[in-house]
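Engineer: This structure is in structure tokens; I'll ask about it shortly.
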Amino acid sequence: MSRYREAAWLPLPENTTQPHITPTQLILHSAAAPWSPKRLRDFWNERGVTTESHFGVGYDGAVGQFMDTHVRADANASANNRAISVESAADTRNSDPWTPDQIDALVEIMVWAHRTHGIPARICRSETDPGFGVHRMFRKWSLDGTECPGKARAEQFTGTVFPRFLETLGGVLEPVVPTVELENLQYGKTNGDVVDLQKALIEHGGKIPAGATGYYGDQTRAAVAAFQRKQGWTGPAADGIPGVETCKRLNLRVA
Ligand SMILES: [Zn+2]
């Protein structure tokens, strides 16, 4: 069970029927309705709406939790198996900005999700990259494209909400050094740590023709080996698999 203690628990029936997930992303939405969390839950329930979120935030900052964050919610299309979703009260065109109370609540939920689930404190750089985002950032996070949570709130996300979240975590306003686990950086694996490795290699002049896809295949192995040889290393020290020292020189922190 994972529940945010500041939230009113307003469970949906889907809690007991949908699969277990391990969340790596958190995605913010607007509900196109000026509703309290309870009103939103009742609407979904009565209408049998199946694109539910985990949380709802009213205009006054009141938070309701509809789904355990270890259970899948279905607001995010291709990201449903990895994303926590947060709805918020909005005007019917999703055109108004978040209120100061909503921003406070969103930042608190994001801090909780970071601490509870280890969602990294960064903005998602791809649809699968672990981190935080707003619904319209990636096409595959919706079934047929969406402007949600609206232009004003998308700007608030990068200009206010995310910086406030970083401040709350300890004043980290400079670019976050990615933290990786060595066991994730192995041939054949696909994950967000591989994305960090690939981006770091590319920033250091490495060649990965497919780009930072998150898949550790031949291109990534060759780029790591080339980087290792550039350090003057040979033999097993240039095997194309990064150890602690390779990561350090690529400005990656090893967990
Ligand atoms: Zn949305």
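Residues are referred to by chain and number: the chain letter is A, B, ... according to the order shown in the structure tokens, the number counts from 1 in that chain, and ligands are numbered separately from 1 in the order shown.
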Using only C-alpha atoms and all ligand atoms, find each residue with an atom at most 8 Å away from ligand 1 and format the answer as an mmCIF file with N, CA and C atoms, in the first residue's frame.

Structural biologist:
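Heads up, here's the output in selection17.cif:
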data_model
loop_
_atom_site.group_PDB
_atom_site.id
_atom_site.type_symbol
_atom_site.label_atom_id
_atom_site.label_comp_id
_atom_site.auth_asym_id
_atom_site.auth_seq_id
_atom_site.Cartn_x
_atom_site.Cartn_y
_atom_site.Cartn_z
ATOM 1 N N LEU A 28 1.396 15.390 -14.398
ATOM 2 C CA LEU A 28 0.368 16.324 -13.933
ATOM 3 C C LEU A 28 -0.666 16.588 -15.020
ATOM 4 N N HIS A 29 -1.942 16.678 -14.582
ATOM 5 C CA HIS A 29 -3.077 16.881 -15.484
ATOM 6 C C HIS A 29 -3.966 18.012 -14.998
ATOM 7 N N SER A 30 -4.870 18.460 -15.897
ATOM 8 C CA SER A 30 -5.993 19.312 -15.514
ATOM 9 C C SER A 30 -7.280 18.606 -15.893
ATOM 10 N N ALA A 31 -8.301 18.767 -15.040
ATOM 11 C CA ALA A 31 -9.511 17.956 -15.168
ATOM 12 C C ALA A 31 -10.577 18.564 -16.068
ATOM 13 N N ALA A 75 -4.705 7.202 -16.743
ATOM 14 C CA ALA A 75 -4.814 8.527 -17.367
ATOM 15 C C ALA A 75 -3.739 8.807 -18.413
ATOM 16 N N ASN A 76 -2.741 7.910 -18.528
ATOM 17 C CA ASN A 76 -1.537 8.286 -19.279
ATOM 18 C C ASN A 76 -1.166 7.355 -20.434
ATOM 19 N N GLU A 87 -4.535 14.678 -11.118
ATOM 20 C CA GLU A 87 -5.502 15.592 -11.725
ATOM 21 C C GLU A 87 -5.597 16.851 -10.880
ATOM 22 N N VAL A 134 4.336 16.995 -17.440
ATOM 23 C CA VAL A 134 2.922 17.325 -17.634
ATOM 24 C C VAL A 134 2.413 16.525 -18.830
ATOM 25 N N HIS A 135 1.099 16.293 -18.831
ATOM 26 C CA HIS A 135 0.505 15.341 -19.772
ATOM 27 C C HIS A 135 0.897 15.606 -21.228
ATOM 28 N N ARG A 136 0.917 16.870 -21.639
ATOM 29 C CA ARG A 136 1.107 17.127 -23.072
ATOM 30 C C ARG A 136 2.553 17.014 -23.540
ATOM 31 N N SER A 142 -0.819 10.060 -24.314
ATOM 32 C CA SER A 142 -2.268 10.178 -24.503
ATOM 33 C C SER A 142 -2.654 9.330 -25.705
ATOM 34 N N THR A 146 -2.984 15.627 -26.695
ATOM 35 C CA THR A 146 -3.740 16.409 -25.722
ATOM 36 C C THR A 146 -2.976 17.685 -25.407
ATOM 37 N N GLU A 147 -3.728 18.740 -25.053
ATOM 38 C CA GLU A 147 -3.111 19.994 -24.597
ATOM 39 C C GLU A 147 -3.024 20.027 -23.070
ATOM 40 N N CYS A 148 -3.637 19.046 -22.416
ATOM 41 C CA CYS A 148 -3.668 18.964 -20.957
ATOM 42 C C CYS A 148 -2.251 19.081 -20.381
ATOM 43 N N PRO A 149 -1.997 19.825 -19.365
ATOM 44 C CA PRO A 149 -2.926 20.585 -18.507
ATOM 45 C C PRO A 149 -3.170 22.012 -18.985
#

Engineer: Taking the DSSP secondary structure from the backbone, can you list the residues of segment 83-219 of chain A that are strand (DSSP E or B), as a ChimeraX atom specification?

Structural biologist: /A:83-88,123,131-134,179-180,190,215

Engineer: Residues of the last selection are to be written out with C-alpha atoms, as a short mmCIF file (atom, residue, chain, number, x, y, z; two decimals), in the first residue's frame.

Structural biologist:
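What follows is the written file out.cif:
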data_model
loop_
_atom_site.label_atom_id
_atom_site.label_comp_id
_atom_site.auth_asym_id
_atom_site.auth_seq_id
_atom_site.Cartn_x
_atom_site.Cartn_y
_atom_site.Cartn_z
CA ALA A 83 3.36 6.74 -13.98
CA ILE A 84 1.62 8.28 -11.00
CA SER A 85 -1.01 10.70 -12.31
CA VAL A 86 -2.31 13.82 -10.60
CA GLU A 87 -5.50 15.59 -11.73
CA SER A 88 -6.32 19.12 -10.67
CA ILE A 123 11.91 16.53 -15.89
CA GLY A 131 11.07 11.79 -13.71
CA PHE A 132 8.29 14.37 -13.62
CA GLY A 133 6.21 15.90 -16.41
CA VAL A 134 2.92 17.32 -17.63
CA THR A 179 22.44 8.91 -10.37
CA VAL A 180 22.80 5.51 -11.98
CA THR A 190 16.65 -0.94 -21.38
CA TYR A 215 18.59 0.49 -24.95
#

Engineer: Rank nothing, just name the residue among A:Ala79, A:Val161, A:Ile119, A:Leu12 nearest to Val49 of chain A, using only C-alpha atoms.

Structural biologist: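 Distance minimum relative to Val49 of chain A lands on A:Leu12.
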
Engineer: Between A:Arg164, A:Ile241, A:Leu143, A:Val111, single out the one closest to Lys189 of chain A, counting only C-alpha atoms.

Structural biologist: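 Answer, going by the shortest atom-to-atom distance: A:Ile241.
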
Engineer: Have a look at A:His54, A:Lys207, A:Arg115, A:Arg221 and name the one nearest to Ala238 of chain A; count only C-alpha atoms.

Structural biologist: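 Among the listed residues, A:Arg221 lies closest to Ala238 of chain A.
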